[in-house]
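Right, one structure below, let's go through it.
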Amino acid sequence: MITAGFFSSGADRRIAVTIALLVAAAVVVPVLNTAVPPDNPLHVSSYFVALTGKYLCYALLALSLDLVWGYAGILSLGHGAFFALGGYAMGMHLMRQIGSRGVYGNPDLPDFMVFLNWKELPWYWHGFDQFWFAAVMAVAVPGLLAFIFGWFAFRSRVTGVYLSIITQAMTYALLLAFFRNDMGFGGNNGLTDFKDILGYSVQADTTRSALFAASALALALGVAVTWMIVRSKYGKLLVAVRDAESRTRFLGWRAENVKLFAFTVSAAMAGIAGALYVPQVGIINPGEFDPANSIEVVIWTAVGGRGTIVGPIVGALLVNSGKSYFTSALPEFWLFALGGLFIAVTLFLPKGVLGLWDAWRAGISRRGTKPLADEVAEAQPAE
């Protein structure tokens, strides 16, 4: 029944194709990277695997924003904070795994704590020597923060630009907090010099391929979960709150509870993206809390097409691919190009790249079904 539901419309077929492509990539790309010799034209380089794996984490982050912005009308400018918190949870686990292999050889304290003369491990670092605990925290901490933040914001009926501003203020406050050495998160330098994950070297090609596969599967799962949410009765209620919140309240629904659930689930998805991102890039620092990063996520979502599920994934892949090219080819113009891209999409492509594609296909379909007599009549010159 679920499979049949996927193919009930063009939009659902697109979801099914996206999930299938991600699952296929999770299998095929690691095989082409590790099992195919480097001199074979089918070989996929480790650089491509690492770079694309990072992009998939960005795509999951953009998807999480689409759930609240595209379907609930909540423009969050602080989703980078949830992403960073998930990353720090995984980074703390990776730091605990270093043990006595650090520069100072302390089996209990990370190197930065030894350097800062910490005498014992802070209480909030306990448990992170276990992978399962770090994985739970990568979801629970961003989700709990979003729940607390949303509880007060939505019940105070803060909406629109005011909500966007306070989400940005939240991530900036976390940025300042994590920069402090006495917070116990590495200060300005953050957490780095990771050795292994689950007993495997983070630098090994097989580990990078496994992380790529995990990122692709997590994104596929995120697409499926988001699709099920927006297709459910709750999803219809979510859109109703977005389009007519006061009318929805008048009908007896608690709009704040509807938005709170979506906001919490969205933050948990962003935390998972951050947890997968950190072992692939090898570092997490307070710079991930920079409000500019959250604004970039908004741009990815807008470019791809918000409220489409697949659109933010396309936008994240397109924009970050362009960023990788232009920051090396034309580094001084990249930020101007990014800003110009956002303005152009807002003015001329309000539904993003995916909306443009849908409009083009709809036009082709209309022309293909137009009666021949009508086409002949249109071709006749006016008398």
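As shown in the structure tokens, the chain order sets the letters A, B, ...; within each chain, residues go from 1, and ligands are also counted from 1 in the order they appear.
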Please identify every residue of segment 26-130 of chain A that has at least one atom no farther than 7 Å from an atom of segment 238-258 of chain A, counting only C-alpha atoms, and for each give the shortest atom pair and the distance in Å to one decimal, arranged by chain then increasing number, as a tab-separated table.
residue	atom	partner	partner_atom	distance
A:Tyr71	CA	A:Val239	CA	5.4
A:Ala72	CA	A:Arg242	CA	4.8
A:Gly73	CA	A:Arg242	CA	4.9
Write out the residues from the selection above, keeping N, CA and C atoms, as a PDB file, in the first residue's frame.
ATOM      1  N   TYR A  71       6.578  24.008   4.673  1.00  0.00           N
ATOM      2  CA  TYR A  71       5.269  23.460   5.004  1.00  0.00           C
ATOM      3  C   TYR A  71       4.625  24.087   6.234  1.00  0.00           C
ATOM      4  N   ALA A  72       5.421  24.742   7.079  1.00  0.00           N
ATOM      5  CA  ALA A  72       4.849  25.393   8.258  1.00  0.00           C
ATOM      6  C   ALA A  72       4.968  26.912   8.206  1.00  0.00           C
ATOM      7  N   GLY A  73       5.703  27.420   7.227  1.00  0.00           N
ATOM      8  CA  GLY A  73       5.854  28.863   7.104  1.00  0.00           C
ATOM      9  C   GLY A  73       6.758  29.489   8.147  1.00  0.00           C
TER      10      GLY A  73
END
So which residues of segment 114-289 of chain A fall under helix (DSSP H, G or I) by DSSP, listed as an NGL selection string? :A and (114-115 or 123-125 or 131-155 or 160-179 or 181-183 or 187-189 or 205-231 or 233-243 or 245-250 or 255-281 or 286-289)
For the atom pair atom CA of Pro331 of chain A and atom CA of Leu276 of chain A, what is the interatomic distance in Å to one decimal place?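 Atom-to-atom, atom CA of Pro331 of chain A to atom CA of Leu276 of chain A, that is 27.3 Å.
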Name all residues at most 6 Å from segment 79-86 of chain A (count only C-alpha atoms; drop same-chain ones fewer than 5 positions away) and give them as a PDB file with N, CA, C and O atoms, in the first residue's frame.
ATOM      1  N   ALA A 138      23.141  13.400  19.692  1.00  0.00           N
ATOM      2  CA  ALA A 138      23.134  14.169  18.447  1.00  0.00           C
ATOM      3  C   ALA A 138      21.710  14.467  17.995  1.00  0.00           C
ATOM      4  O   ALA A 138      21.467  15.460  17.292  1.00  0.00           O
ATOM      5  N   PRO A 142      19.712  18.772  19.999  1.00  0.00           N
ATOM      6  CA  PRO A 142      19.045  19.747  19.119  1.00  0.00           C
ATOM      7  C   PRO A 142      17.523  19.696  19.248  1.00  0.00           C
ATOM      8  O   PRO A 142      16.856  20.744  19.236  1.00  0.00           O
ATOM      9  N   THR A 171      21.285  31.337  17.624  1.00  0.00           N
ATOM     10  CA  THR A 171      22.515  30.728  17.113  1.00  0.00           C
ATOM     11  C   THR A 171      23.727  31.620  17.359  1.00  0.00           C
ATOM     12  O   THR A 171      24.832  31.128  17.595  1.00  0.00           O
ATOM     13  N   ALA A 267      14.682  19.979  13.865  1.00  0.00           N
ATOM     14  CA  ALA A 267      15.945  20.154  14.581  1.00  0.00           C
ATOM     15  C   ALA A 267      16.661  18.821  14.764  1.00  0.00           C
ATOM     16  O   ALA A 267      17.897  18.744  14.652  1.00  0.00           O
ATOM     17  N   ALA A 270      18.355  17.973  11.573  1.00  0.00           N
ATOM     18  CA  ALA A 270      19.561  18.786  11.408  1.00  0.00           C
ATOM     19  C   ALA A 270      20.698  18.261  12.273  1.00  0.00           C
ATOM     20  O   ALA A 270      21.865  18.273  11.862  1.00  0.00           O
ATOM     21  N   GLY A 271      20.378  17.788  13.486  1.00  0.00           N
ATOM     22  CA  GLY A 271      21.395  17.214  14.357  1.00  0.00           C
ATOM     23  C   GLY A 271      22.017  15.964  13.761  1.00  0.00           C
ATOM     24  O   GLY A 271      23.237  15.748  13.861  1.00  0.00           O
ATOM     25  N   GLY A 274      24.487  17.014  11.176  1.00  0.00           N
ATOM     26  CA  GLY A 274      25.728  17.481  11.769  1.00  0.00           C
ATOM     27  C   GLY A 274      26.592  16.342  12.275  1.00  0.00           C
ATOM     28  O   GLY A 274      27.825  16.357  12.134  1.00  0.00           O
ATOM     29  N   ALA A 275      25.963  15.312  12.857  1.00  0.00           N
ATOM     30  CA  ALA A 275      26.709  14.168  13.370  1.00  0.00           C
ATOM     31  C   ALA A 275      27.400  13.402  12.248  1.00  0.00           C
ATOM     32  O   ALA A 275      28.502  12.879  12.420  1.00  0.00           O
ATOM     33  N   GLU A 288      30.689  26.922  13.010  1.00  0.00           N
ATOM     34  CA  GLU A 288      29.481  26.306  12.468  1.00  0.00           C
ATOM     35  C   GLU A 288      28.217  26.981  12.985  1.00  0.00           C
ATOM     36  O   GLU A 288      27.147  26.815  12.403  1.00  0.00           O
ATOM     37  N   PHE A 289      28.326  27.708  14.099  1.00  0.00           N
ATOM     38  CA  PHE A 289      27.175  28.438  14.632  1.00  0.00           C
ATOM     39  C   PHE A 289      26.980  29.791  13.957  1.00  0.00           C
ATOM     40  O   PHE A 289      26.014  30.489  14.261  1.00  0.00           O
ATOM     41  N   SER A 294      23.494  29.616   8.582  1.00  0.00           N
ATOM     42  CA  SER A 294      22.044  29.372   8.561  1.00  0.00           C
ATOM     43  C   SER A 294      21.382  30.085   7.393  1.00  0.00           C
ATOM     44  O   SER A 294      20.428  29.566   6.796  1.00  0.00           O
TER      45      SER A 294
END
All residues 10 Å or closer to segment 309-326 of chain A, only C-alpha atoms, same chain fewer than 5 positions away omitted, as a ChimeraX atom specification: /A:11,14-15,18-19,51-52,54-67,70-71,219,222-224,226-227,230,296-304,331-335,337-338,341,351-355
Among the residues A:Phe261, A:Tyr277, A:Tyr162, A:Phe212, the one that comes closest to Phe48 of chain A [using only C-alpha atoms]: A:Phe212
